[in-house]
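Participant: So I've got this file, input.cif, and it contains mmCIF, C-alpha atoms and all ligand atoms:
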data_final
#
loop_
_atom_site.label_atom_id
_atom_site.label_comp_id
_atom_site.auth_asym_id
_atom_site.auth_seq_id
_atom_site.Cartn_x
_atom_site.Cartn_y
_atom_site.Cartn_z
CA MET G 1 -66.56 166.64 83.65
CA SER G 2 -65.27 163.18 82.81
CA LEU G 3 -61.93 164.01 81.21
CA GLN G 4 -59.73 160.93 81.07
CA LEU G 5 -56.76 162.31 79.22
CA LYS G 6 -54.18 160.08 80.86
CA PRO G 7 -51.08 159.57 78.79
CA ARG G 8 -50.86 156.16 77.14
CA VAL G 9 -47.17 156.69 76.53
CA ALA G 10 -44.25 157.67 78.74
CA VAL G 11 -43.56 160.80 76.68
CA ARG G 12 -46.26 162.68 74.85
CA ALA G 13 -45.63 164.58 71.59
CA LYS G 14 -46.79 168.18 71.27
CA ILE G 15 -47.15 170.60 68.39
CA SER G 16 -44.68 173.36 69.23
CA SER G 17 -44.96 175.48 66.08
CA VAL G 18 -47.07 175.87 62.95
CA GLY G 19 -46.43 177.47 59.56
CA SER G 20 -48.16 177.61 56.20
CA PHE G 21 -47.47 178.75 52.68
CA VAL G 22 -49.60 179.28 49.57
CA PRO G 23 -48.46 180.57 46.18
CA SER G 24 -49.29 184.19 45.43
CA ARG G 25 -51.38 183.63 42.29
CA VAL G 26 -55.13 183.58 43.01
CA LEU G 27 -57.71 181.78 40.89
CA THR G 28 -61.18 183.15 41.67
CA ASN G 29 -64.59 181.70 40.90
CA GLN G 30 -64.97 184.51 38.37
CA ASP G 31 -61.77 183.32 36.65
CA LEU G 32 -63.23 179.79 36.48
CA GLU G 33 -66.42 181.18 34.92
CA GLN G 34 -64.19 182.09 31.95
CA ILE G 35 -62.76 178.55 31.72
CA VAL G 36 -65.70 176.15 32.27
CA ASP G 37 -69.50 176.31 32.31
CA THR G 38 -69.96 177.34 35.93
CA THR G 39 -70.96 180.29 38.10
CA ASP G 40 -69.60 181.93 41.22
CA GLN G 41 -72.99 181.36 42.83
CA TRP G 42 -73.00 177.58 42.14
CA ILE G 43 -69.48 177.13 43.47
CA LEU G 44 -70.12 179.22 46.58
CA GLU G 45 -73.45 177.56 47.40
CA ARG G 46 -72.30 173.97 46.78
CA THR G 47 -68.78 174.19 48.23
CA GLY G 48 -68.19 177.44 50.14
CA ILE G 49 -65.17 178.24 47.94
CA ARG G 50 -64.56 181.78 46.62
CA GLU G 51 -60.94 181.49 45.48
CA ARG G 52 -57.90 179.25 45.63
CA HIS G 53 -54.14 179.76 45.18
CA ILE G 54 -52.36 178.19 42.21
CA VAL G 55 -48.65 177.82 41.51
CA ASP G 56 -46.94 179.38 38.54
CA SER G 57 -45.01 177.09 36.22
CA GLY G 58 -41.78 175.91 37.83
CA MET G 59 -43.07 175.83 41.40
CA ALA G 60 -43.70 172.37 42.86
CA THR G 61 -44.85 170.68 46.07
CA SER G 62 -41.37 170.74 47.63
CA ASP G 63 -41.32 174.54 47.24
CA LEU G 64 -44.67 174.90 49.02
CA ALA G 65 -43.49 172.50 51.73
CA VAL G 66 -40.22 174.40 52.24
CA GLY G 67 -42.13 177.71 52.43
CA ALA G 68 -44.38 176.32 55.19
CA ALA G 69 -41.46 174.70 57.04
CA GLN G 70 -39.43 177.92 57.02
CA VAL G 71 -42.28 179.84 58.65
CA CYS G 72 -42.75 177.04 61.19
CA LEU G 73 -39.05 176.94 62.14
CA GLU G 74 -38.69 180.71 62.24
CA ARG G 75 -41.64 181.03 64.65
CA ARG G 76 -40.04 178.42 66.94
CA GLY G 77 -36.62 180.04 66.57
CA ILE G 78 -34.74 176.90 65.64
CA ASP G 79 -32.50 176.05 62.72
CA ALA G 80 -33.32 173.40 60.11
CA SER G 81 -30.12 171.58 61.07
CA GLU G 82 -31.79 170.67 64.39
CA ILE G 83 -34.54 168.62 62.70
CA ASP G 84 -34.36 164.83 63.09
CA CYS G 85 -36.99 163.74 60.57
CA ILE G 86 -39.23 165.23 57.85
CA ILE G 87 -42.52 163.61 56.86
CA VAL G 88 -44.32 165.00 53.81
CA GLY G 89 -47.95 163.98 53.32
CA THR G 90 -48.78 164.47 49.65
CA VAL G 91 -50.40 162.97 46.54
CA THR G 92 -48.59 165.39 44.26
CA PRO G 93 -44.89 164.74 44.86
CA ASP G 94 -42.50 166.73 42.65
CA MET G 95 -41.83 163.40 40.90
CA LEU G 96 -42.53 159.73 41.67
CA PHE G 97 -39.08 159.45 43.20
CA PRO G 98 -37.03 160.65 44.96
CA ALA G 99 -39.46 161.41 47.76
CA THR G 100 -40.46 165.05 48.18
CA ALA G 101 -39.16 164.80 51.76
CA CYS G 102 -35.64 164.33 50.33
CA LEU G 103 -36.02 167.45 48.18
CA VAL G 104 -37.33 169.38 51.19
CA GLN G 105 -34.44 168.12 53.32
CA THR G 106 -31.81 169.59 50.98
CA LYS G 107 -33.68 172.82 50.12
CA LEU G 108 -34.29 173.46 53.81
CA GLY G 109 -30.74 172.63 54.88
CA ALA G 110 -31.95 170.03 57.36
CA THR G 111 -28.57 168.39 57.30
CA LYS G 112 -29.12 165.66 59.89
CA ALA G 113 -32.74 164.79 59.03
CA TRP G 114 -34.01 161.65 57.36
CA GLY G 115 -37.50 161.57 55.93
CA PHE G 116 -40.13 160.09 53.68
CA ASP G 117 -43.43 160.82 51.94
CA LEU G 118 -46.76 159.48 53.14
CA SER G 119 -49.61 158.94 50.68
CA ALA G 120 -53.08 159.15 52.22
CA ALA G 121 -54.64 161.93 50.11
CA CYS G 122 -56.72 164.28 52.27
CA SER G 123 -55.87 162.29 55.43
CA ALA G 124 -52.15 162.67 54.73
CA PHE G 125 -51.65 165.24 57.46
CA THR G 126 -53.59 163.42 60.19
CA TYR G 127 -51.76 160.17 59.34
CA SER G 128 -48.33 161.85 59.13
CA LEU G 129 -48.96 163.60 62.43
CA GLN G 130 -49.43 160.27 64.21
CA VAL G 131 -46.38 158.69 62.58
CA GLY G 132 -44.29 161.70 63.58
CA ALA G 133 -45.74 161.63 67.10
CA LYS G 134 -44.77 157.98 67.50
CA LEU G 135 -41.16 158.84 66.60
CA VAL G 136 -41.18 161.45 69.37
CA GLU G 137 -43.10 159.34 71.91
CA SER G 138 -40.73 156.40 71.40
CA GLY G 139 -37.83 158.64 72.40
CA ALA G 140 -36.19 158.13 69.00
CA HIS G 141 -36.45 161.80 68.01
CA LYS G 142 -36.77 165.25 69.59
CA ARG G 143 -37.84 167.33 66.57
CA VAL G 144 -39.96 166.04 63.71
CA LEU G 145 -41.37 168.23 60.93
CA VAL G 146 -44.76 167.07 59.69
CA ILE G 147 -45.82 168.70 56.44
CA GLY G 148 -49.03 168.42 54.43
CA ALA G 149 -48.45 169.79 50.94
CA ASP G 150 -50.12 169.50 47.56
CA THR G 151 -49.96 171.10 44.16
CA MET G 152 -53.43 169.99 43.14
CA SER G 153 -53.39 172.23 40.05
CA SER G 154 -50.82 169.82 38.56
CA ILE G 155 -53.41 166.99 38.43
CA THR G 156 -56.60 169.06 37.98
CA ASP G 157 -58.49 168.85 34.69
CA TYR G 158 -59.48 172.43 33.89
CA THR G 159 -62.04 171.14 31.37
CA ASP G 160 -63.95 169.21 34.09
CA ARG G 161 -66.24 171.64 35.93
CA SER G 162 -67.14 169.08 38.60
CA THR G 163 -63.56 168.90 39.95
CA CYS G 164 -61.62 171.96 38.76
CA ILE G 165 -63.57 174.31 40.99
CA LEU G 166 -62.63 172.40 44.14
CA PHE G 167 -58.87 172.31 44.38
CA GLY G 168 -56.02 174.68 45.23
CA ASP G 169 -52.31 174.52 46.03
CA GLY G 170 -50.73 175.01 49.44
CA ALA G 171 -48.81 173.57 52.35
CA GLY G 172 -48.87 173.57 56.12
CA CYS G 173 -46.24 172.38 58.57
CA VAL G 174 -46.06 171.59 62.27
CA LEU G 175 -43.07 170.88 64.49
CA LEU G 176 -43.43 167.99 66.92
CA GLU G 177 -41.39 167.92 70.12
CA PRO G 178 -41.65 165.99 73.40
CA CYS G 179 -43.90 167.40 76.15
CA ASP G 180 -42.56 168.22 79.58
CA GLY G 181 -45.69 166.83 81.26
CA ASP G 182 -48.98 165.34 80.15
CA GLU G 183 -51.10 168.52 80.35
CA VAL G 184 -50.77 169.25 76.64
CA GLY G 185 -49.92 167.40 73.45
CA LEU G 186 -51.41 164.72 71.23
CA VAL G 187 -53.97 162.73 73.22
CA ASP G 188 -55.50 160.12 70.95
CA PHE G 189 -56.36 159.23 67.36
CA TRP G 190 -58.65 157.06 65.26
CA HIS G 191 -57.69 156.00 61.75
CA GLU G 192 -59.52 153.83 59.24
CA VAL G 193 -59.12 152.77 55.62
CA ASP G 194 -61.90 151.51 53.34
CA GLY G 195 -60.11 150.47 50.17
CA SER G 196 -63.38 149.51 48.49
CA GLY G 197 -63.86 153.24 47.85
CA GLY G 198 -60.67 153.51 45.79
CA GLY G 199 -62.45 154.05 42.50
CA ALA G 200 -64.56 156.96 43.77
CA LEU G 201 -61.63 159.37 43.88
CA CYS G 202 -58.38 158.68 42.09
CA MET G 203 -55.87 159.60 39.40
CA PRO G 204 -56.06 156.49 37.20
CA ALA G 205 -52.78 156.66 35.24
CA GLY G 206 -49.14 157.38 35.83
CA GLY G 207 -48.51 154.50 38.22
CA SER G 208 -47.50 150.89 37.58
CA LEU G 209 -51.02 149.83 36.50
CA HIS G 210 -51.33 152.36 33.69
CA PRO G 211 -47.89 153.85 33.01
CA PRO G 212 -47.90 157.07 31.03
CA SER G 213 -48.63 156.54 27.35
CA ILE G 214 -50.18 158.47 24.48
CA GLU G 215 -53.45 156.65 25.28
CA THR G 216 -53.44 157.68 28.95
CA VAL G 217 -52.68 161.29 28.06
CA GLU G 218 -55.31 161.42 25.31
CA GLY G 219 -57.79 159.79 27.71
CA ARG G 220 -57.09 162.51 30.31
CA GLN G 221 -56.21 159.78 32.79
CA HIS G 222 -53.53 161.84 34.56
CA TYR G 223 -56.15 164.02 36.21
CA ILE G 224 -58.37 163.68 39.31
CA LYS G 225 -61.50 161.60 38.70
CA GLN G 226 -64.21 161.85 41.33
CA ASP G 227 -67.70 160.53 41.96
CA GLY G 228 -68.61 163.59 44.00
CA GLN G 229 -71.82 162.38 45.62
CA THR G 230 -70.34 159.04 46.75
CA VAL G 231 -67.39 160.84 48.31
CA TYR G 232 -69.69 163.45 49.85
CA LYS G 233 -71.91 160.89 51.61
CA PHE G 234 -68.93 158.88 52.85
CA ALA G 235 -67.17 162.03 54.08
CA VAL G 236 -70.12 163.31 56.13
CA ARG G 237 -70.66 159.89 57.78
CA LYS G 238 -67.04 159.05 58.44
CA MET G 239 -65.79 162.48 59.59
CA MET G 240 -68.46 162.24 62.24
CA GLU G 241 -67.90 158.58 63.17
CA ALA G 242 -64.11 158.94 63.48
CA SER G 243 -64.56 162.10 65.55
CA GLU G 244 -67.06 160.38 67.83
CA ARG G 245 -64.69 157.43 68.31
CA VAL G 246 -61.82 159.62 69.42
CA LEU G 247 -64.05 161.74 71.67
CA ALA G 248 -65.62 158.64 73.27
CA SER G 249 -62.19 157.16 73.90
CA ALA G 250 -61.27 160.30 75.87
CA GLY G 251 -64.66 160.38 77.60
CA ILE G 252 -65.66 163.81 76.26
CA THR G 253 -68.35 165.25 73.97
CA GLY G 254 -68.12 167.55 70.98
CA ASN G 255 -69.35 170.38 73.16
CA GLU G 256 -66.07 170.27 75.12
CA ILE G 257 -63.93 170.84 72.02
CA ALA G 258 -62.66 174.43 71.91
CA CYS G 259 -61.54 174.26 68.29
CA PHE G 260 -62.52 171.85 65.52
CA ILE G 261 -60.09 171.88 62.58
CA PRO G 262 -61.51 169.66 59.84
CA HIS G 263 -60.25 168.84 56.35
CA GLN G 264 -61.55 171.54 54.01
CA ALA G 265 -63.23 169.71 51.11
CA ASN G 266 -66.68 171.26 51.18
CA LYS G 267 -68.20 173.74 53.64
CA ARG G 268 -71.42 171.69 53.67
CA ILE G 269 -69.50 168.56 54.78
CA ILE G 270 -67.79 170.54 57.54
CA LEU G 271 -71.00 172.09 58.88
CA ALA G 272 -72.94 168.81 58.71
CA THR G 273 -70.17 167.08 60.70
CA ALA G 274 -70.02 169.87 63.29
CA GLU G 275 -73.79 169.89 63.72
CA ARG G 276 -73.95 166.13 64.27
CA LEU G 277 -71.14 166.40 66.82
CA GLY G 278 -73.04 169.11 68.67
CA MET G 279 -70.33 171.65 68.02
CA PRO G 280 -71.26 175.35 67.66
CA GLU G 281 -70.19 176.86 64.33
CA GLU G 282 -68.03 179.51 65.99
CA ARG G 283 -65.69 176.75 67.22
CA VAL G 284 -65.18 175.36 63.71
CA VAL G 285 -62.26 176.61 61.62
CA ILE G 286 -63.31 177.21 58.02
CA ASN G 287 -60.98 178.79 55.47
CA ILE G 288 -62.10 176.88 52.37
CA ASP G 289 -63.46 180.16 50.97
CA ARG G 290 -59.84 181.42 50.58
CA TYR G 291 -57.90 178.26 49.71
CA GLY G 292 -60.25 175.59 48.31
CA ASN G 293 -59.24 171.99 48.88
CA THR G 294 -55.45 171.75 49.15
CA THR G 295 -55.66 168.01 50.06
CA GLY G 296 -52.72 167.31 52.43
CA GLY G 297 -52.40 171.02 53.14
CA THR G 298 -55.88 171.81 54.44
CA ILE G 299 -55.62 170.93 58.14
CA PRO G 300 -52.21 172.48 58.92
CA ILE G 301 -53.13 175.59 56.88
CA ALA G 302 -56.42 175.83 58.83
CA MET G 303 -54.46 175.33 62.07
CA ASP G 304 -52.33 178.32 61.09
CA THR G 305 -55.50 180.30 60.28
CA ALA G 306 -56.86 179.48 63.76
CA LEU G 307 -53.55 180.50 65.32
CA GLN G 308 -53.37 183.81 63.45
CA GLU G 309 -57.00 184.57 64.38
CA GLY G 310 -56.17 183.98 68.07
CA ARG G 311 -58.52 180.99 68.31
CA LEU G 312 -56.01 178.58 69.90
CA LYS G 313 -55.03 178.95 73.56
CA LYS G 314 -52.80 176.80 75.73
CA GLY G 315 -54.75 173.86 77.16
CA ASP G 316 -57.57 174.04 74.58
CA LEU G 317 -58.96 170.72 73.40
CA VAL G 318 -58.57 170.58 69.62
CA LEU G 319 -60.12 168.03 67.25
CA LEU G 320 -58.80 167.32 63.75
CA ALA G 321 -60.78 165.20 61.27
CA SER G 322 -60.27 164.09 57.68
CA VAL G 323 -61.64 161.88 54.94
CA GLY G 324 -59.79 161.38 51.70
CA ALA G 325 -59.22 159.22 48.65
CA GLY G 326 -58.65 155.60 49.51
CA PHE G 327 -60.92 155.97 51.36
CA THR G 328 -58.79 157.17 54.27
CA VAL G 329 -60.31 158.42 57.52
CA GLY G 330 -58.59 160.12 60.44
CA ALA G 331 -59.38 161.97 63.65
CA THR G 332 -56.93 163.35 66.21
CA LEU G 333 -57.57 164.81 69.65
CA LEU G 334 -54.94 167.08 71.18
CA ARG G 335 -54.46 169.71 73.85
CA TRP G 336 -52.96 172.88 72.43
CA GLU G 337 -49.48 173.71 73.71
CA PHE G 338 -48.88 177.43 73.21
O1 LIG L 401 -61.12 166.07 49.68
C1 LIG L 401 -61.42 164.91 48.98
C2 LIG L 401 -62.78 164.52 49.20
N1 LIG L 401 -63.66 165.20 48.26
C3 LIG L 401 -64.81 165.65 48.70
O2 LIG L 401 -65.10 165.58 49.87
C4 LIG L 401 -65.80 166.16 47.69
C5 LIG L 401 -67.16 165.62 47.99
N2 LIG L 401 -68.16 166.00 47.02
C6 LIG L 401 -68.64 167.27 46.92
O3 LIG L 401 -68.17 168.16 47.60
C7 LIG L 401 -69.80 167.53 45.98
O4 LIG L 401 -70.31 166.30 45.53
C8 LIG L 401 -69.41 168.41 44.77
C9 LIG L 401 -69.15 169.83 45.22
C10 LIG L 401 -68.22 167.86 44.06
C11 LIG L 401 -70.58 168.46 43.78
O5 LIG L 401 -71.74 168.97 44.43
P1 LIG L 401 -73.12 168.20 44.33
O6 LIG L 401 -74.09 168.98 45.09
O7 LIG L 401 -72.88 166.78 44.78
O8 LIG L 401 -73.43 168.28 42.81
P2 LIG L 401 -73.70 167.08 41.78
O9 LIG L 401 -72.43 166.38 41.43
O10 LIG L 401 -74.86 166.26 42.28
O11 LIG L 401 -74.19 167.90 40.52
C12 LIG L 401 -75.43 168.61 40.53
C13 LIG L 401 -75.57 169.36 39.23
C14 LIG L 401 -75.32 168.49 38.01
O12 LIG L 401 -76.18 168.92 36.97
P3 LIG L 401 -77.54 168.13 36.66
O13 LIG L 401 -77.12 166.75 36.30
O14 LIG L 401 -78.34 168.19 37.92
O15 LIG L 401 -78.14 168.90 35.54
C15 LIG L 401 -73.91 168.82 37.60
O16 LIG L 401 -73.67 168.63 36.24
O17 LIG L 401 -74.58 170.39 39.18
C16 LIG L 401 -73.83 170.28 37.96
N3 LIG L 401 -72.48 170.78 38.21
C17 LIG L 401 -72.17 172.06 38.08
N4 LIG L 401 -72.87 173.14 37.73
C18 LIG L 401 -72.23 174.33 37.71
C19 LIG L 401 -71.41 170.07 38.60
N5 LIG L 401 -70.35 170.90 38.73
C20 LIG L 401 -70.80 172.14 38.41
C21 LIG L 401 -70.18 173.39 38.36
N6 LIG L 401 -70.94 174.45 38.01
N7 LIG L 401 -68.88 173.58 38.66
#
Would you encode the structure as structure tokens?
Ligand code: UT7
Facilitator:
Amino acid sequence: MSLQLKPRVAVRAKISSVGSFVPSRVLTNQDLEQIVDTTDQWILERTGIRERHIVDSGMATSDLAVGAAQVCLERRGIDASEIDCIIVGTVTPDMLFPATACLVQTKLGATKAWGFDLSAACSAFTYSLQVGAKLVESGAHKRVLVIGADTMSSITDYTDRSTCILFGDGAGCVLLEPCDGDEVGLVDFWHEVDGSGGGALCMPAGGSLHPPSIETVEGRQHYIKQDGQTVYKFAVRKMMEASERVLASAGITGNEIACFIPHQANKRIILATAERLGMPEERVVINIDRYGNTTGGTIPIAMDTALQEGRLKKGDLVLLASVGAGFTVGATLLRWEF
């Protein structure tokens, strides 16, 4: 076996804990049949989704993020006051500013932490993970919380059957700490952006280009707009290419990955990527049936699913992969710590 997982840094960052949180209210495919012209069968066959969790009025992204962070910290047995930095990957911040990370910092009681939000849509977690890892690897910080959280129901148009069936609300969180050796931890990553795809998946209004107005509201411009097939084709190609890049850099093949944790946008995208990487389905974590697409939340929530199902063991090679609006592309290779 040609494993070349030599550390490229003096200190490697490892994931030392995971937590996730979804709101209790469930929106099933049958519920959506009552809202738009769709069927449970169409949704299940085209996406793999059965149900998703949706917030009640008054709950926002910072609440989901805090819920996930509390589970993560409790499992590690440390207090929020020991956190150095909080990164929140999200496209649905509570408000444009202050950053959701600031709201999480105070709600969590992370008294000495600084933090910021990172906007990369469905790649928000993979991108945030690398930024957090660099803070640990540089020696600047010992404990960084990386959160992927989105309240997609707040920007979903429940009159548009092509998008409203896809999205759910939820958050996942990991704690990053320095590794003692180089046997475990984050090994390598590959990130790309293709900004030419910006129009294929976006929320057109509410920013500086089209500030909120009666026209933008009446034009339903504060909701997700997606050219599904364009995004689908790009996602299948790029999830695979980014994964191959990171595997090639480590000198390994998809067959050597013990657990593949992809962004959960569509079960068909996930299975097509796994097949092209030569990865057996039983090594792929799929929970889209229960949560839908929670954007920044999907990968850390799926990581928690894998953990709870006993599918992650110390030393396992784990591959994360994402494609999101932007377009943003990310893949991360790591060796599981615990
Ligand atoms: O995480 C961010 C990245 N996002 C993604 O990765 C999403 C990528 N795209 C997709 O997952 C798929 O393109 C969708 C699930 C969004 C759509 O599936 P599709 O197989 O590409 O369907 P389509 O858009 O080609 O539509 C096929 C037909 C159309 O009807 P006609 O024109 O053939 O008569 C649609 O109007 O399905 C119709 N349709 C629906 N029918 C029942 C679209 N949405 C629905 C629906 N229920 N909810």
Participant: For each of G:Lys107, G:Arg276, G:Arg50, G:His263, take the minimum atom-to-atom distance to Gly148 (chain G), counting all atoms listed in the file, then give the residue where this is smallest.
Facilitator: G:His263
Participant: Which distance in Å separates CA of Gly185 (chain G) and CA of Arg76 (chain G), to one decimal?
Facilitator: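 CA of Gly185 (chain G) sits 16.2 Å away from CA of Arg76 (chain G).
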Participant: Could you check which of G:Gly326, G:Gly195, G:Gly109, G:Gly172 is closest to ligand LIG 401 (chain L), using all atoms listed in the file?
Facilitator: G:Gly326
Participant: With only C-alpha atoms as the atoms that count, which of G:Lys112, G:Lys142, G:Arg161, G:Arg268 lies nearest to Ile224 (chain G)?
Facilitator: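 The answer is G:Arg161, which sits nearest to Ile224 (chain G).
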Participant: Can you tell me how far CA of Ser243 (chain G) sits from CA of Thr332 (chain G), in Å to one decimal?
Facilitator: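 For CA of Ser243 (chain G) relative to CA of Thr332 (chain G), the distance reads 7.8 Å.
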Participant: What lies within 10 Å of Asp316 (chain G) using all atoms listed in the file, ignoring chain neighbours under 5 positions off, as a compact mmCIF listing (two decimals) with C-alpha atoms, keeping the file's coordinate frame?
Facilitator:
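Written file, out_4.txt:
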# COMPACT_ATOMS: atom_id res chain seq x y z
CA VAL G 184 -50.77 169.25 76.64
CA GLU G 256 -66.07 170.27 75.12
CA ILE G 257 -63.93 170.84 72.02
CA ALA G 258 -62.66 174.43 71.91
CA CYS G 259 -61.54 174.26 68.29
CA ARG G 311 -58.52 180.99 68.31
CA LEU G 334 -54.94 167.08 71.18
CA ARG G 335 -54.46 169.71 73.85
CA TRP G 336 -52.96 172.88 72.43
CA GLU G 337 -49.48 173.71 73.71
CA PHE G 338 -48.88 177.43 73.21
Participant: Could you please give me, as a count of residues only, the residues of protein, DNA or RNA lying at most 12 Å from (-50.0, 164.0, 52.1) in the coordinate frame of the file, considering all atoms listed in the file?
Facilitator: 49
Participant: Using only C-alpha atoms, which residue out of G:Val18, G:Ile214, G:Val131, G:Cys102 lies closest to Leu175 (chain G)?
Facilitator: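 Going through G:Val18, G:Ile214, G:Val131, G:Cys102 one by one, the smallest distance to Leu175 (chain G) is for G:Val18.
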Participant: Work out how far atom C1 of ligand LIG 401 (chain L) is from CA of His210 (chain G), in Å to one decimal.
Facilitator: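 Separation between CA of His210 (chain G) and atom C1 of ligand LIG 401 (chain L): 22.2 Å.
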Participant: Hey, what's within 12 Å of Thr273 (chain G) if we count all atoms listed in the file and toss same-chain stuff fewer than 5 positions away? As a PyMOL selection string, please?
Facilitator: chain G and resi 232-244+254+260-264+266-268+278-281+284+320-323
Participant: Using only C-alpha atoms, find the one residue out of G:Ala133, G:Val318, G:Val36, G:Leu108 that sits nearest to Pro178 (chain G).
Facilitator: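 Among the listed residues, G:Ala133 lies closest to Pro178 (chain G).
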Participant: So which one's closest to ligand LIG 401 (chain L), G:Asp227, G:Asp289, G:Glu183, G:Asp194? Using all atoms listed in the file, please.
Facilitator: G:Asp227
Participant: Enumerate, as JSON, numbers by chain, the protein, DNA and RNA residues whose atoms approach (-58.9, 157.6, 44.2) to within 8 Å, taking into account all atoms listed in the file and the coordinate frame of the file.
Facilitator: {"G": [197, 198, 199, 200, 201, 202, 203, 204, 224, 225, 226, 325, 326, 327]}
